[in-house]
$ cat start-v2.tsv   # TSV, C-alpha atoms and all ligand atoms
chain	number	residue	atom	x	y	z
D	1	MET	CA	-1.71	-25.00	8.28
D	2	HIS	CA	-3.59	-26.11	5.22
D	3	ASP	CA	-3.36	-29.58	3.80
D	4	GLN	CA	-1.92	-29.26	0.31
D	5	ALA	CA	-4.39	-31.88	-0.91
D	6	GLN	CA	-7.18	-29.34	-0.29
D	7	PRO	CA	-7.70	-27.52	-3.60
D	8	ARG	CA	-8.78	-24.22	-2.07
D	9	GLN	CA	-8.79	-22.57	1.30
D	10	THR	CA	-12.13	-22.43	2.99
D	11	SER	CA	-11.58	-19.25	4.98
D	12	SER	CA	-9.69	-15.98	4.63
D	13	PRO	CA	-5.97	-16.27	5.42
D	14	PHE	CA	-6.15	-12.90	7.22
D	15	VAL	CA	-6.81	-12.61	10.95
D	16	ARG	CA	-7.71	-9.21	12.36
D	17	SER	CA	-5.97	-7.92	15.48
D	18	GLU	CA	-8.05	-8.00	18.63
D	19	SER	CA	-6.76	-4.49	19.25
D	20	ASN	CA	-8.35	-3.15	16.07
D	21	PRO	CA	-8.60	-0.39	15.21
D	22	ILE	CA	-4.97	-0.16	16.30
D	23	ILE	CA	-4.78	3.59	15.60
D	24	THR	CA	-7.44	6.30	15.52
D	25	ALA	CA	-7.24	10.08	15.20
D	26	ALA	CA	-7.57	10.32	18.99
D	27	ASP	CA	-4.05	8.79	19.28
D	28	LEU	CA	-2.44	11.79	17.58
D	29	PRO	CA	-0.78	14.33	19.88
D	30	TYR	CA	-2.66	17.09	18.05
D	31	ARG	CA	-6.19	17.61	16.81
D	32	ALA	CA	-6.93	15.48	13.76
D	33	HIS	CA	-10.01	14.12	12.06
D	34	ALA	CA	-8.90	10.70	10.74
D	35	ALA	CA	-5.82	8.43	10.61
D	36	PHE	CA	-5.72	5.75	7.90
D	37	ASN	CA	-3.96	4.19	4.85
D	38	PRO	CA	-0.46	3.89	6.42
D	39	GLY	CA	2.86	2.95	4.87
D	40	ALA	CA	4.78	0.45	7.05
D	41	THR	CA	8.37	-0.63	7.58
D	42	ARG	CA	10.61	-2.31	10.07
D	43	ARG	CA	13.08	0.14	11.57
D	44	GLY	CA	15.63	-1.24	14.00
D	45	ASP	CA	13.72	-3.11	16.70
D	46	GLU	CA	10.48	-1.33	15.95
D	47	ILE	CA	7.79	-1.16	13.36
D	48	ALA	CA	7.16	2.31	12.01
D	49	LEU	CA	4.01	3.44	10.25
D	50	LEU	CA	3.77	6.54	8.10
D	51	VAL	CA	0.12	7.26	8.72
D	52	ARG	CA	-2.09	9.41	6.51
D	53	VAL	CA	-3.68	11.93	8.83
D	54	GLU	CA	-6.61	14.01	7.67
D	55	SER	CA	-6.95	17.31	9.44
D	56	PHE	CA	-10.12	19.34	9.80
D	57	SER	CA	-9.22	21.28	6.64
D	58	GLY	CA	-9.94	18.10	4.70
D	59	LYS	CA	-6.31	17.90	3.54
D	60	SER	CA	-4.01	15.08	4.59
D	61	HIS	CA	-0.39	14.90	5.78
D	62	PHE	CA	1.78	12.09	7.19
D	63	ALA	CA	2.67	11.29	10.81
D	64	VAL	CA	5.03	8.60	12.10
D	65	ALA	CA	3.86	6.09	14.71
D	66	ARG	CA	6.21	3.51	16.23
D	67	SER	CA	5.58	0.32	18.16
D	68	ALA	CA	7.83	-2.45	19.44
D	69	ASP	CA	5.49	-5.30	18.47
D	70	GLY	CA	3.69	-3.64	15.58
D	71	GLU	CA	0.35	-4.00	17.32
D	72	HIS	CA	0.25	-2.16	20.65
D	73	ASP	CA	1.50	1.05	22.29
D	74	TRP	CA	1.88	3.22	19.21
D	75	GLN	CA	3.92	6.33	19.91
D	76	PHE	CA	3.45	9.35	17.68
D	77	ALA	CA	6.06	12.05	17.16
D	78	ALA	CA	4.90	15.45	18.43
D	79	ASN	CA	4.68	16.93	14.93
D	80	PRO	CA	3.74	15.79	11.45
D	81	ALA	CA	6.52	13.95	9.56
D	82	LEU	CA	5.69	15.31	6.11
D	83	GLU	CA	3.15	17.88	5.05
D	84	GLY	CA	2.15	19.09	1.62
D	85	ASP	CA	4.27	22.03	0.53
D	86	ALA	CA	2.12	23.91	-1.96
D	87	VAL	CA	4.80	26.63	-2.40
D	88	ARG	CA	7.73	24.46	-3.46
D	89	HIS	CA	5.49	21.64	-4.66
D	90	PRO	CA	2.37	23.13	-6.25
D	91	GLU	CA	1.27	19.55	-6.97
D	92	ASP	CA	0.51	19.28	-3.22
D	93	ALA	CA	-2.31	21.83	-3.61
D	94	TRP	CA	-4.81	19.74	-1.61
D	95	GLY	CA	-2.44	17.72	0.50
D	96	ILE	CA	-0.62	14.39	0.33
D	97	GLU	CA	-2.15	10.93	0.74
D	98	ASP	CA	-1.61	7.17	0.94
D	99	PRO	CA	2.18	6.68	1.39
D	100	ARG	CA	3.95	3.43	0.56
D	101	VAL	CA	7.37	2.90	2.19
D	102	VAL	CA	10.15	0.72	0.75
D	103	TYR	CA	13.72	0.42	2.04
D	104	LEU	CA	16.32	0.69	-0.74
D	105	PRO	CA	19.53	-1.00	0.51
D	106	GLU	CA	21.56	0.47	-2.39
D	107	LEU	CA	20.79	4.00	-1.22
D	108	GLY	CA	20.56	3.23	2.49
D	109	ARG	CA	17.27	5.16	2.48
D	110	TYR	CA	13.55	4.60	2.43
D	111	ALA	CA	11.63	5.53	-0.70
D	112	VAL	CA	8.22	7.00	0.06
D	113	THR	CA	5.82	7.12	-2.87
D	114	PHE	CA	2.58	8.96	-2.27
D	115	THR	CA	-0.29	10.80	-3.86
D	116	SER	CA	0.04	14.55	-4.27
D	117	TYR	CA	-3.45	15.90	-4.68
D	118	SER	CA	-2.85	18.49	-7.40
D	119	ALA	CA	-5.33	20.88	-8.99
D	120	ASP	CA	-5.10	18.67	-12.09
D	121	GLY	CA	-5.86	15.49	-10.13
D	122	PRO	CA	-3.89	12.98	-8.05
D	123	LEU	CA	-0.33	12.21	-9.16
D	124	VAL	CA	2.60	10.17	-7.82
D	125	SER	CA	5.34	11.94	-5.83
D	126	LEU	CA	8.58	10.46	-4.47
D	127	ALA	CA	10.62	11.35	-1.40
D	128	LEU	CA	13.69	9.71	0.11
D	129	THR	CA	14.43	9.57	3.82
D	130	GLU	CA	17.00	7.97	6.08
D	131	ASP	CA	15.05	8.29	9.29
D	132	LEU	CA	11.39	9.10	8.49
D	133	VAL	CA	12.15	12.49	10.05
D	134	SER	CA	13.75	14.51	7.25
D	135	PHE	CA	12.68	13.92	3.68
D	136	GLU	CA	14.34	14.78	0.37
D	137	ARG	CA	11.61	15.34	-2.17
D	138	LEU	CA	12.32	14.25	-5.74
D	139	GLY	CA	9.09	15.79	-7.02
D	140	PRO	CA	6.32	14.28	-9.12
D	141	ILE	CA	7.28	11.09	-10.93
D	142	ARG	CA	4.00	10.33	-12.74
D	143	PRO	CA	1.47	12.81	-14.15
D	144	PRO	CA	-2.20	12.89	-13.09
D	145	ASP	CA	-4.31	10.83	-12.73
D	146	ASP	CA	-2.01	8.27	-11.15
D	147	LYS	CA	-1.73	6.82	-7.63
D	148	ASP	CA	-1.13	3.63	-5.61
D	149	ALA	CA	2.59	3.51	-6.46
D	150	ALA	CA	5.48	1.64	-4.85
D	151	LEU	CA	9.05	0.88	-5.84
D	152	PHE	CA	10.69	-2.52	-5.89
D	153	PRO	CA	13.53	-2.51	-3.36
D	154	ARG	CA	16.32	-3.02	-5.91
D	155	ARG	CA	17.24	-2.40	-9.54
D	156	PHE	CA	16.53	-4.75	-12.38
D	157	GLY	CA	19.16	-4.57	-15.14
D	158	GLY	CA	20.21	-1.10	-13.99
D	159	ASN	CA	16.67	0.26	-13.67
D	160	TRP	CA	14.44	0.99	-10.72
D	161	LEU	CA	10.92	-0.35	-11.22
D	162	LEU	CA	7.74	1.33	-10.08
D	163	LEU	CA	4.29	-0.21	-9.88
D	164	HIS	CA	1.59	2.41	-10.20
D	165	ARG	CA	-1.99	2.88	-11.27
D	166	PRO	CA	-2.66	5.39	-14.04
D	167	TYR	CA	-6.32	6.16	-14.71
D	168	ARG	CA	-6.85	6.49	-18.44
D	169	GLY	CA	-9.97	6.41	-20.55
D	170	GLY	CA	-12.21	5.04	-17.82
D	171	SER	CA	-9.99	2.16	-16.75
D	172	ALA	CA	-7.47	1.87	-13.97
D	173	ASN	CA	-4.90	-0.95	-14.19
D	174	ILE	CA	-1.69	-1.71	-12.32
D	175	MET	CA	1.27	-0.81	-14.56
D	176	LEU	CA	5.05	-0.70	-14.33
D	177	SER	CA	7.54	2.02	-15.30
D	178	ARG	CA	11.34	1.94	-15.29
D	179	SER	CA	13.94	4.54	-14.38
D	180	PRO	CA	17.74	4.66	-14.32
D	181	ASP	CA	17.80	7.53	-11.80
D	182	LEU	CA	14.41	7.70	-9.99
D	183	ARG	CA	13.68	10.89	-11.96
D	184	HIS	CA	13.04	9.89	-15.56
D	185	TRP	CA	10.43	7.20	-16.04
D	186	SER	CA	9.46	5.05	-19.02
D	187	GLU	CA	5.98	4.76	-20.46
D	188	PRO	CA	3.85	2.40	-18.35
D	189	GLU	CA	3.66	-1.30	-19.24
D	190	LEU	CA	0.56	-3.25	-18.27
D	191	VAL	CA	0.99	-5.67	-15.35
D	192	LEU	CA	-2.37	-6.41	-13.72
D	193	PRO	CA	-5.53	-5.30	-15.53
D	194	ALA	CA	-8.84	-4.68	-13.85
D	195	ARG	CA	-11.38	-7.33	-14.78
D	196	ALA	CA	-14.76	-6.52	-16.28
D	197	GLY	CA	-18.48	-6.96	-15.72
D	198	GLY	CA	-19.51	-8.52	-12.44
D	199	TRP	CA	-16.07	-9.22	-11.00
D	200	TRP	CA	-15.21	-7.79	-7.58
D	201	ASP	CA	-12.19	-6.10	-9.20
D	202	ALA	CA	-13.91	-4.83	-12.34
D	203	GLY	CA	-12.99	-1.42	-13.68
D	204	LYS	CA	-10.46	-0.34	-11.08
D	205	VAL	CA	-7.58	-2.06	-9.32
D	206	GLY	CA	-4.64	-0.56	-7.43
D	207	LEU	CA	-1.55	-1.78	-5.63
D	208	GLY	CA	-1.89	-2.22	-1.89
D	209	PRO	CA	1.38	-2.60	0.06
D	210	PRO	CA	4.71	-2.62	-1.85
D	211	PRO	CA	5.71	-5.86	-3.61
D	212	LEU	CA	7.01	-8.47	-1.14
D	213	GLU	CA	9.83	-10.72	-2.32
D	214	THR	CA	9.29	-14.45	-1.73
D	215	SER	CA	11.10	-17.46	-3.17
D	216	ALA	CA	8.10	-18.03	-5.47
D	217	GLY	CA	7.89	-14.48	-6.81
D	218	TRP	CA	6.88	-10.95	-5.84
D	219	LEU	CA	3.73	-11.15	-3.76
D	220	LEU	CA	1.16	-8.41	-4.34
D	221	MET	CA	-1.91	-7.53	-2.38
D	222	TYR	CA	-4.12	-5.26	-4.46
D	223	HIS	CA	-7.49	-3.61	-4.07
D	224	GLY	CA	-10.39	-3.95	-6.44
D	225	VAL	CA	-13.27	-1.54	-6.53
D	226	ARG	CA	-16.84	-2.43	-7.19
D	227	ILE	CA	-19.26	0.40	-7.76
D	228	THR	CA	-22.72	-0.28	-6.35
D	229	ALA	CA	-25.94	1.67	-5.96
D	230	SER	CA	-24.78	2.68	-2.47
D	231	GLY	CA	-21.17	3.52	-3.25
D	232	ALA	CA	-17.84	1.83	-3.84
D	233	LEU	CA	-16.72	-1.42	-2.19
D	234	TYR	CA	-12.95	-1.77	-1.63
D	235	ARG	CA	-11.75	-5.35	-1.26
D	236	SER	CA	-8.34	-7.01	-1.73
D	237	GLY	CA	-6.96	-10.00	-3.60
D	238	LEU	CA	-3.49	-11.39	-4.17
D	239	ALA	CA	-1.20	-11.84	-7.14
D	240	LEU	CA	2.31	-13.13	-7.75
D	241	LEU	CA	4.80	-11.59	-10.22
D	242	ASP	CA	7.85	-13.26	-11.73
D	243	LEU	CA	11.01	-12.61	-9.69
D	244	ASP	CA	13.14	-11.56	-12.68
D	245	ASP	CA	10.46	-10.04	-14.88
D	246	PRO	CA	7.76	-8.50	-12.69
D	247	THR	CA	5.61	-7.61	-15.71
D	248	ARG	CA	4.78	-11.35	-15.83
D	249	VAL	CA	1.83	-12.34	-13.65
D	250	LEU	CA	2.35	-15.91	-12.40
D	251	ALA	CA	-0.85	-16.17	-10.41
D	252	ARG	CA	-3.86	-14.10	-9.35
D	253	THR	CA	-6.69	-14.98	-7.02
D	254	ASP	CA	-10.17	-15.14	-8.50
D	255	ASP	CA	-11.70	-14.27	-5.15
D	256	TRP	CA	-11.07	-11.31	-2.92
D	257	HIS	CA	-9.57	-12.51	0.35
D	258	PHE	CA	-9.89	-9.43	2.53
D	259	GLY	CA	-12.98	-7.24	2.52
D	260	PRO	CA	-14.94	-4.94	4.82
D	261	GLU	CA	-16.64	-7.00	7.54
D	262	THR	CA	-16.28	-5.33	10.93
D	263	ASP	CA	-18.09	-2.24	12.19
D	264	TYR	CA	-15.01	-0.04	11.82
D	265	GLU	CA	-14.62	-1.18	8.19
D	266	ARG	CA	-18.32	-0.91	7.37
D	267	THR	CA	-18.89	2.45	9.03
D	268	GLY	CA	-16.87	5.65	8.79
D	269	ASP	CA	-16.24	8.54	6.42
D	270	VAL	CA	-16.20	6.19	3.42
D	271	PRO	CA	-18.07	3.02	4.39
D	272	ASN	CA	-17.14	-0.46	3.22
D	273	VAL	CA	-13.47	0.24	2.54
D	274	VAL	CA	-10.44	-1.79	3.51
D	275	PHE	CA	-7.30	-0.28	2.03
D	276	PRO	CA	-4.10	-2.26	2.78
D	277	SER	CA	-1.10	0.00	2.20
D	278	GLY	CA	1.79	-1.46	4.20
D	279	TRP	CA	3.05	-4.83	5.33
D	280	VAL	CA	5.99	-6.14	7.30
D	281	LEU	CA	7.37	-9.65	7.54
D	282	ASP	CA	8.16	-10.73	11.08
D	283	PRO	CA	11.74	-11.87	11.76
D	284	SER	CA	10.80	-15.55	11.29
D	285	GLY	CA	9.89	-14.70	7.69
D	286	GLU	CA	6.57	-16.52	8.10
D	287	ARG	CA	4.10	-14.06	9.59
D	288	VAL	CA	3.00	-11.04	7.59
D	289	LEU	CA	1.56	-8.01	9.39
D	290	VAL	CA	-0.76	-6.11	7.07
D	291	TYR	CA	-1.64	-2.50	7.91
D	292	TYR	CA	-4.73	-1.03	6.32
D	293	GLY	CA	-7.05	1.91	6.36
D	294	ALA	CA	-10.62	1.10	7.40
D	295	ALA	CA	-13.49	3.23	6.09
D	296	ASP	CA	-11.02	6.11	5.45
D	297	THR	CA	-11.17	6.72	9.20
D	298	VAL	CA	-8.89	4.42	11.25
D	299	VAL	CA	-5.92	2.01	10.93
D	300	GLY	CA	-6.38	-1.75	11.23
D	301	LEU	CA	-3.94	-4.65	11.46
D	302	ALA	CA	-4.48	-8.12	10.04
D	303	THR	CA	-1.94	-10.93	10.08
D	304	ALA	CA	-1.47	-13.89	7.79
D	305	SER	CA	1.05	-16.64	7.34
D	306	LEU	CA	3.14	-16.27	4.20
D	307	SER	CA	2.61	-19.92	3.28
D	308	ASP	CA	-1.19	-19.48	3.57
D	309	LEU	CA	-1.00	-16.45	1.27
D	310	LEU	CA	0.99	-18.43	-1.29
D	311	ALA	CA	-1.41	-21.37	-0.91
D	312	THR	CA	-4.25	-18.99	-1.72
D	313	LEU	CA	-2.48	-18.49	-5.04
D	314	ASP	CA	-2.03	-22.26	-5.40
D	315	ILE	CA	1.72	-21.90	-4.85
D	316	PRO	CA	3.05	-24.65	-2.56
D	317	ALA	CA	5.09	-23.42	0.41
D	318	ALA	CA	8.81	-23.32	-0.33
D	319	ALA	CA	10.82	-26.27	1.00
K	401	LIG	C1	-9.09	5.79	-3.16
K	401	LIG	C2	-8.10	6.66	-2.43
K	401	LIG	C3	-7.92	6.19	-1.01
K	401	LIG	C4	-9.22	5.90	-0.32
K	401	LIG	C5	-10.13	5.05	-1.20
K	401	LIG	C6	-11.50	4.82	-0.58
K	401	LIG	O1	-9.38	6.34	-4.43
K	401	LIG	O2	-8.57	8.00	-2.44
K	401	LIG	O3	-7.25	7.20	-0.29
K	401	LIG	O4	-8.95	5.17	0.87
K	401	LIG	O5	-10.29	5.69	-2.44
K	401	LIG	O6	-12.17	6.03	-0.35
$ encode --input "start-v2.tsv" --output "structure tokens"
Amino acid sequence: MHDQAQPRQTSSPFVRSESNPIITAADLPYRAHAAFNPGATRRGDEIALLVRVESFSGKSHFAVARSADGEHDWQFAANPALEGDAVRHPEDAWGIEDPRVVYLPELGRYAVTFTSYSADGPLVSLALTEDLVSFERLGPIRPPDDKDAALFPRRFGGNWLLLHRPYRGGSANIMLSRSPDLRHWSEPELVLPARAGGWWDAGKVGLGPPPLETSAGWLLMYHGVRITASGALYRSGLALLDLDDPTRVLARTDDWHFGPETDYERTGDVPNVVFPSGWVLDPSGERVLVYYGAADTVVGLATASLSDLLATLDIPAAA
């Protein structure tokens, strides 16, 4: 635990699993090239990941992996959970990518937001599922270019809220849209802008895992992209949104707190990428398990204590 008298933490609040990478393509029951950028949720006594799997065509689909402790002994279903359907969903032309999973108690179903890689660019698609086995697709919900989307788990004043990341005129900021029915969405409102110049999150930011409700606000982990002479660097920081009005940013870290360090994050198809895309709170409500893609090749797990994450944002732990 950190002494609240200390103004800033001296080390990252995230601790990588000793079993990392926890999932690789070799764990799939069929031939696959890479397994990364998973959505995550608790399901009964297990933790379930909806893993992005890239096949040797270059296109991606999703596969479900389950584990009792969220760290070891991942069991994959024999077949993919959801594949692009370019006939009924032409927006899936080049596959589906980067799912975020949120349970919606009102509907008794999980909402899965993901990227459909359309001929016109990436866009946001939505599907609902009770069991991560059969999916009802609601179609595209944001036009291209747009990605990194997740729903809040409940309505606000009658509307569902979606965080997403449209790419317009050379900048990519986290924005919010509203919908009464999950089908018709309002024009995006700015929530978390990319910074400029030499910042680690200059030019491009995107939501990581879905917003996590805490007593202090909605906790976000988001990625920032820095373009360098040898490619992009993907690192993650934290932010906190107001509980009642999530367009209000209460706090944002100046520093990134999770970045590529290990061999499996530094080396792979896309080097120097950590891409958190799912997290699960353990039953004590204190330990957060963060699932992330590493180098667009494998899945990693890092854990953090919720109070350390809030302390990183200078928010004292709740009484
Ligand atoms: C983003 C997405 C992610 C990927 C990341 C790093 O734009 O395409 O799927 O992990 O780039 O390559």
$ residues_near_point --input "start-v2.tsv" --point "(10.5, 8.5, 7.1)" --cutoff "12 Å" --atoms "all atoms listed in the file" --output "number ranges by chain"
D: 38-43, 47-51, 62-66, 77, 80-82, 99-103, 109-113, 126-137
$ residues_near_ligand --input "start-v2.tsv" --ligand "ligand LIG 401 (chain K)" --cutoff "8 Å" --atoms "all atoms listed in the file" --output "list in words"
Phe36, Asn37, Glu97, Asp98, Ala232, Tyr234, Val270, Val273, Val274, Phe275, Gly293, Ala294, Ala295 and Asp296 of chain D
$ closest_atom_pairs --input "start-v2.tsv" --of "region 131-179 of chain D" --to "region 238-246 of chain D" --cutoff "12 Å" --atoms "all atoms listed in the file" --output "CSV"
residue,atom,partner,partner_atom,distance
D:Leu151,CA,D:Pro246,CA,11.7
D:Phe152,CA,D:Pro246,CA,9.5
D:Arg154,CA,D:Asp244,CA,11.4
D:Arg155,CA,D:Asp244,CA,10.5
D:Phe156,CA,D:Asp244,CA,7.6
D:Gly157,CA,D:Asp244,CA,9.5
D:Trp160,CA,D:Pro246,CA,11.8
D:Leu161,CA,D:Pro246,CA,8.9
D:Leu162,CA,D:Pro246,CA,10.2
D:Leu163,CA,D:Pro246,CA,9.4
D:Ile174,CA,D:Ala239,CA,11.4
D:Met175,CA,D:Pro246,CA,10.2
D:Leu176,CA,D:Pro246,CA,8.4
D:Ser177,CA,D:Pro246,CA,10.8
D:Arg178,CA,D:Pro246,CA,11.3
$ atom_distance --input "start-v2.tsv" --atom1 "CA of Ala172 (chain D)" --atom2 "CA of Pro140 (chain D)"
19.2 Å
$ closest_residue --input "start-v2.tsv" --among "D:Ser215, D:Ser171, D:Ser305, D:Thr253" --to "Val290 (chain D)" --atoms "only C-alpha atoms"
D:Ser305
$ atom_distance --input "start-v2.tsv" --atom1 "CA of Glu18 (chain D)" --atom2 "CA of Arg266 (chain D)"
16.8 Å
$ atom_distance --input "start-v2.tsv" --atom1 "CA of Leu309 (chain D)" --atom2 "CA of Phe258 (chain D)"
11.4 Å
$ closest_residue --input "start-v2.tsv" --among "D:Val299, D:Ser230, D:Gly285, D:Thr24" --to "Pro271 (chain D)" --atoms "only C-alpha atoms"
D:Ser230
$ residues_around --input "start-v2.tsv" --residues "Leu233 (chain D)" --least-positions-apart "6" --cutoff "8 Å" --atoms "all atoms listed in the file" --output "VMD selection string"
chain D and resid 225 to 227 272 to 273
$ residues_around --input "start-v2.tsv" --residues "Met221 (chain D)" --least-positions-apart "6" --cutoff "7 Å" --atoms "all atoms listed in the file" --output "list in words"
Leu207, Gly208, Pro209, Ser236, Gly237, Leu238 and Ala239 of chain D
$ build_atoms --input "start-v2.tsv" --residues "region 275-293 of chain D" --atoms "N, CA, C and O atoms" --output "short mmCIF file (atom, residue, chain, number, x, y, z; two decimals), in the frame of the given file"
data_model
loop_
_atom_site.label_atom_id
_atom_site.label_comp_id
_atom_site.auth_asym_id
_atom_site.auth_seq_id
_atom_site.Cartn_x
_atom_site.Cartn_y
_atom_site.Cartn_z
N PHE D 275 -8.31 -0.81 2.94
CA PHE D 275 -7.30 -0.28 2.03
C PHE D 275 -5.91 -0.63 2.57
O PHE D 275 -5.27 0.18 3.22
N PRO D 276 -5.44 -1.88 2.31
CA PRO D 276 -4.10 -2.26 2.78
C PRO D 276 -3.05 -1.43 2.06
O PRO D 276 -3.12 -1.26 0.83
N SER D 277 -2.08 -0.89 2.81
CA SER D 277 -1.10 0.00 2.20
C SER D 277 0.32 -0.25 2.71
O SER D 277 1.27 0.33 2.19
N GLY D 278 0.46 -1.13 3.72
CA GLY D 278 1.79 -1.46 4.20
C GLY D 278 1.79 -2.86 4.77
O GLY D 278 0.75 -3.34 5.26
N TRP D 279 2.92 -3.55 4.65
CA TRP D 279 3.05 -4.83 5.33
C TRP D 279 4.50 -5.05 5.72
O TRP D 279 5.41 -4.48 5.14
N VAL D 280 4.68 -5.88 6.74
CA VAL D 280 5.99 -6.14 7.30
C VAL D 280 6.05 -7.63 7.61
O VAL D 280 5.10 -8.20 8.16
N LEU D 281 7.18 -8.23 7.24
CA LEU D 281 7.37 -9.65 7.54
C LEU D 281 8.02 -9.76 8.91
O LEU D 281 8.97 -9.01 9.20
N ASP D 282 7.52 -10.62 9.76
CA ASP D 282 8.16 -10.73 11.08
C ASP D 282 9.50 -11.46 10.91
O ASP D 282 9.77 -12.04 9.87
N PRO D 283 10.37 -11.37 11.93
CA PRO D 283 11.74 -11.87 11.76
C PRO D 283 11.81 -13.35 11.37
O PRO D 283 12.78 -13.78 10.73
N SER D 284 10.79 -14.13 11.68
CA SER D 284 10.80 -15.55 11.29
C SER D 284 10.61 -15.69 9.78
O SER D 284 10.85 -16.76 9.21
N GLY D 285 10.15 -14.63 9.12
CA GLY D 285 9.89 -14.70 7.69
C GLY D 285 8.61 -15.44 7.36
O GLY D 285 8.34 -15.73 6.20
N GLU D 286 7.77 -15.72 8.35
CA GLU D 286 6.57 -16.52 8.10
C GLU D 286 5.28 -15.74 8.36
O GLU D 286 4.27 -15.99 7.73
N ARG D 287 5.33 -14.77 9.26
CA ARG D 287 4.10 -14.06 9.59
C ARG D 287 4.14 -12.66 8.96
O ARG D 287 5.13 -11.94 9.09
N VAL D 288 3.08 -12.34 8.25
CA VAL D 288 3.00 -11.04 7.59
C VAL D 288 2.02 -10.17 8.36
O VAL D 288 0.88 -10.59 8.63
N LEU D 289 2.44 -8.97 8.72
CA LEU D 289 1.56 -8.01 9.39
C LEU D 289 1.10 -7.01 8.34
O LEU D 289 1.93 -6.32 7.73
N VAL D 290 -0.19 -6.97 8.12
CA VAL D 290 -0.76 -6.11 7.07
C VAL D 290 -1.46 -4.92 7.73
O VAL D 290 -2.35 -5.11 8.57
N TYR D 291 -1.04 -3.73 7.36
CA TYR D 291 -1.64 -2.50 7.91
C TYR D 291 -2.57 -1.90 6.86
O TYR D 291 -2.21 -1.80 5.68
N TYR D 292 -3.75 -1.50 7.29
CA TYR D 292 -4.73 -1.03 6.32
C TYR D 292 -5.58 0.10 6.88
O TYR D 292 -5.77 0.21 8.10
N GLY D 293 -6.07 0.90 5.98
CA GLY D 293 -7.05 1.91 6.36
C GLY D 293 -8.42 1.27 6.36
O GLY D 293 -8.74 0.44 5.50
#
